[in-house]
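Take a look at the structure below.
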Amino acid sequence: MIYFIVFLLLAVFVGYVFYKMNFKTVQVFPEHWHDILLKEVVFYQKLDKKEQKRFQQRLMQFLSEVYIDSVGFELEETDKILIASSAVIPVFAFKEWHYPTLSGILLYPDNFNADFEFSDKADSRQISGVVGSGRLERQMILSKKALYHGFKNNNDARHTAIHEFVHLIDKMDESIDGIPEVLMTNANTIPWLKLIHEEMEAINNDASDLRAYGGTKQAEFFAVAAEYFFEKPKQMKRKHPELYQMLADCFRIKI
């Protein structure tokens with residue numbers, strides 16, 4: 001029964017997203033959001049005033065293109081701000097950016113299981129974010145708990161929302177394979193693959209401080225490495241200089 005209700009909610013959400021996508025308008029940036037961004041988003045704090053204005057514009061553009069809803073609680077302003085910030089940060093250095101494979105985001109209060117259920121068994125709720133496929137194509141599901149953790153805790157190099165948006169960037173060439181063609185030239189592909197395999201081997205031999213999930217497959221390595229890059233850039237530059245430089249080139253930013 002729970003399974004049916006969850007998918008009914010998802011179906012309604014997907015339908016509403018398609019409806020909303022036909023009436024896109026870019027709203028004016030609410031001035032009080034500036035203080036929220038200063039408080040919650042370190043990336044924004046470090047920008048000069050001109051770049052903060054550009055970040056604000058990109059934030060509102062994203063919110064005009066992607067519909068966000070919640071399950072089990074009322075969506076708050078900060079929820080939307082943090083989700084949109086997670087979308088903007090990885091591509092902020094690009095003059096213009098859109099996520100063509102994303103139309104809606106559903107925010108759950110906590111982690112969920114493979115059936116998108118909130119089981120009573122804590123060990124079954126291992127998923128904190130996912131890029132949808134099949135009937136959930138063009139959708140993303142995020143855990144609010146994980147979303148906030150990514151902005152509050154800079155010590156563990158984890159940022160679930162950025163992780164999932166990096167998967168979407170990777171998906172723009174129609175394949176989530178850890179080789180984001182949109183970010184790199186063909187000349188970078190071979191050294192990038194070589195570096196991926198070396199770093200994944202180090203992870204799997206317990207010889208790396210990148211988290212173990214990055215050693216499972218190429219796509220996850222790219223997303224995990226991107227989390228590290230945006231969360232702890234100075235440490236990555238010191239401990240993984242080649243990886244740091246490769247990601248800096250991909251995202252066209254040095255932080």
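For the structure tokens, the naming scheme is as follows: chains receive sequential letters (A, B, ...) according to their order of presentation, residues are indexed from 1 within each chain, and ligands are indexed from 1 in presentation order.
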For Arg54 of chain A: contacts at 12 Å, only C-alpha atoms, fewer than 3 positions along chain excluded, given as a ChimeraX atom specification: /A:29,44,47-51,57-61,88-89,92-96
What would the file look like if the residues just selected were written as a PDB file, in the first residue's frame with C-alpha atoms?
ATOM      1  CA  PHE A  29      15.515  37.599  -6.576  1.00  0.00           C
ATOM      2  CA  TYR A  44      28.482  32.377  -2.190  1.00  0.00           C
ATOM      3  CA  LEU A  47      32.226  35.753  -4.138  1.00  0.00           C
ATOM      4  CA  ASP A  48      32.611  39.486  -4.643  1.00  0.00           C
ATOM      5  CA  LYS A  49      29.437  41.578  -4.933  1.00  0.00           C
ATOM      6  CA  LYS A  50      29.347  41.470  -8.718  1.00  0.00           C
ATOM      7  CA  GLU A  51      29.665  37.691  -8.769  1.00  0.00           C
ATOM      8  CA  GLN A  57      20.506  35.518 -11.343  1.00  0.00           C
ATOM      9  CA  ARG A  58      21.603  31.958 -12.028  1.00  0.00           C
ATOM     10  CA  LEU A  59      19.719  30.791  -8.930  1.00  0.00           C
ATOM     11  CA  MET A  60      16.458  32.365 -10.108  1.00  0.00           C
ATOM     12  CA  GLN A  61      16.955  31.079 -13.649  1.00  0.00           C
ATOM     13  CA  VAL A  88      24.582  26.481  -9.747  1.00  0.00           C
ATOM     14  CA  ILE A  89      27.888  25.842  -7.935  1.00  0.00           C
ATOM     15  CA  PHE A  92      28.972  28.726 -12.090  1.00  0.00           C
ATOM     16  CA  ALA A  93      32.100  29.369 -14.179  1.00  0.00           C
ATOM     17  CA  PHE A  94      30.140  28.720 -17.377  1.00  0.00           C
ATOM     18  CA  LYS A  95      28.572  31.801 -18.936  1.00  0.00           C
ATOM     19  CA  GLU A  96      25.259  30.063 -19.406  1.00  0.00           C
TER      20      GLU A  96
END
query: Which neighbours of segment 107-113 of chain A fall inside 6 Å, counting only C-alpha atoms, when residues of the same chain fewer than 3 positions from it are skipped, and could you give them as number ranges by chain?
result: A: 70-71, 116-118, 124-125, 127-128, 141-145
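In this structure, atom CA of Glu227 of chain A sits 22.0 Å away from atom CA of Val66 of chain A.
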task: Just the helix (DSSP H, G or I) stuff from segment 101-228 of chain A, please, per backbone DSSP, written as a ChimeraX atom specification.
output: /A:122-124,134-136,144-152,160-171,186-204,212-215,218-228
May I have the selected residues written with C-alpha atoms, as a short mmCIF file (atom, residue, chain, number, x, y, z; two decimals), in the first residue's frame?
data_model
loop_
_atom_site.label_atom_id
_atom_site.label_comp_id
_atom_site.auth_asym_id
_atom_site.auth_seq_id
_atom_site.Cartn_x
_atom_site.Cartn_y
_atom_site.Cartn_z
CA ALA A 122 16.86 2.41 9.37
CA ASP A 123 19.32 0.12 7.59
CA SER A 124 17.01 -0.06 4.56
CA GLY A 134 12.31 5.12 -16.52
CA ARG A 135 9.03 6.52 -15.23
CA LEU A 136 11.06 9.04 -13.22
CA LYS A 144 16.46 17.05 2.99
CA LYS A 145 18.64 15.72 5.80
CA ALA A 146 21.48 15.01 3.35
CA LEU A 147 20.93 18.32 1.52
CA TYR A 148 21.48 20.32 4.72
CA HIS A 149 24.36 18.12 5.83
CA GLY A 150 26.19 19.00 2.62
CA PHE A 151 26.11 22.70 3.48
CA LYS A 152 26.67 22.38 7.23
CA THR A 160 24.73 14.78 -1.84
CA ALA A 161 23.01 17.46 -3.91
CA ILE A 162 26.19 18.47 -5.76
CA HIS A 163 26.88 14.75 -6.28
CA GLU A 164 23.53 14.29 -8.04
CA PHE A 165 23.87 17.44 -10.15
CA VAL A 166 27.29 16.25 -11.27
CA HIS A 167 25.61 13.03 -12.43
CA LEU A 168 23.25 15.20 -14.50
CA ILE A 169 26.21 17.02 -16.02
CA ASP A 170 27.73 13.64 -16.84
CA LYS A 171 24.40 12.56 -18.35
CA ASN A 186 38.68 14.84 -26.52
CA ALA A 187 42.32 15.52 -25.69
CA ASN A 188 41.49 15.29 -21.99
CA THR A 189 39.59 12.02 -22.16
CA ILE A 190 42.53 9.59 -22.18
CA PRO A 191 44.47 11.18 -19.28
CA TRP A 192 41.19 11.53 -17.37
CA LEU A 193 40.42 7.81 -17.78
CA LYS A 194 43.95 6.91 -16.73
CA LEU A 195 43.65 9.11 -13.64
CA ILE A 196 40.23 7.67 -12.77
CA HIS A 197 41.54 4.11 -12.83
CA GLU A 198 44.62 4.99 -10.77
CA GLU A 199 42.53 6.79 -8.16
CA MET A 200 39.87 4.07 -8.03
CA GLU A 201 42.58 1.46 -7.50
CA ALA A 202 43.98 3.56 -4.65
CA ILE A 203 40.51 3.81 -3.07
CA ASN A 204 39.97 0.07 -3.30
CA ALA A 212 34.94 4.26 -0.71
CA TYR A 213 31.85 4.82 -2.86
CA GLY A 214 34.11 6.48 -5.43
CA GLY A 215 35.78 3.13 -6.03
CA GLN A 218 33.64 5.47 -12.95
CA ALA A 219 30.44 7.51 -12.71
CA GLU A 220 30.50 7.44 -8.93
CA PHE A 221 34.17 8.30 -8.84
CA PHE A 222 33.56 11.46 -10.85
CA ALA A 223 30.68 12.54 -8.59
CA VAL A 224 32.56 11.71 -5.37
CA ALA A 225 35.68 13.52 -6.59
CA ALA A 226 33.55 16.56 -7.48
CA GLU A 227 32.10 16.59 -3.96
CA TYR A 228 35.63 16.62 -2.56
#
field: Shortest interatomic distance to Ser64 of chain A - which of A:His32, A:Arg211, A:Lys234, A:His98, counting only C-alpha atoms
entry: A:His98
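Of the listed residues (A:Gln245, A:Thr216, A:Asn154, A:Asn205), A:Thr216 comes nearest to Gly178 of chain A; the distances count only C-alpha atoms.
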message: Can you pull out the residues contacting Ile68 of chain A? Cut-off 9 Å, using only C-alpha atoms, and skip same-chain residues under 6 positions away; I want them as a VMD selection string.
response: chain A and resid 17 75 80 83 103 to 107
Same residues, N, CA and C atoms, saved as an mmCIF file, in the first residue's frame:
data_model
loop_
_atom_site.group_PDB
_atom_site.id
_atom_site.type_symbol
_atom_site.label_atom_id
_atom_site.label_comp_id
_atom_site.auth_asym_id
_atom_site.auth_seq_id
_atom_site.Cartn_x
_atom_site.Cartn_y
_atom_site.Cartn_z
ATOM 1 N N VAL A 17 4.880 18.740 -13.000
ATOM 2 C CA VAL A 17 6.122 19.318 -13.529
ATOM 3 C C VAL A 17 5.954 19.675 -15.000
ATOM 4 N N LEU A 75 7.484 22.615 2.046
ATOM 5 C CA LEU A 75 8.732 23.135 1.484
ATOM 6 C C LEU A 75 8.988 24.552 1.994
ATOM 7 N N LYS A 80 14.615 25.409 -1.101
ATOM 8 C CA LYS A 80 14.763 25.762 -2.518
ATOM 9 C C LYS A 80 16.096 26.458 -2.793
ATOM 10 N N ILE A 83 18.920 23.776 -2.746
ATOM 11 C CA ILE A 83 18.867 22.919 -3.933
ATOM 12 C C ILE A 83 19.383 23.688 -5.148
ATOM 13 N N SER A 103 13.610 18.246 -15.030
ATOM 14 C CA SER A 103 12.440 19.131 -14.994
ATOM 15 C C SER A 103 11.864 19.272 -13.592
ATOM 16 N N GLY A 104 12.125 18.308 -12.704
ATOM 17 C CA GLY A 104 11.552 18.395 -11.362
ATOM 18 C C GLY A 104 12.400 17.718 -10.306
ATOM 19 N N ILE A 105 12.296 18.237 -9.081
ATOM 20 C CA ILE A 105 13.018 17.675 -7.942
ATOM 21 C C ILE A 105 12.025 17.444 -6.810
ATOM 22 N N LEU A 106 12.082 16.261 -6.235
ATOM 23 C CA LEU A 106 11.230 15.903 -5.116
ATOM 24 C C LEU A 106 12.102 15.765 -3.875
ATOM 25 N N LEU A 107 11.775 16.507 -2.832
ATOM 26 C CA LEU A 107 12.569 16.508 -1.607
ATOM 27 C C LEU A 107 11.878 15.673 -0.530
#
task: To one decimal in Å, tell me the separation between atom CA of Thr78 of chain A and atom CA of Val41 of chain A.
output: 10.7 Å
field: Å distance separating atom CA of Leu63 of chain A from atom CA of Ala84 of chain A, one decimal place
entry: 6.7 Å
query: Which one is closest to Ser175 of chain A: A:Asp115, A:Ser133, A:Arg158, A:Phe251? Count only C-alpha atoms.
result: A:Ser133
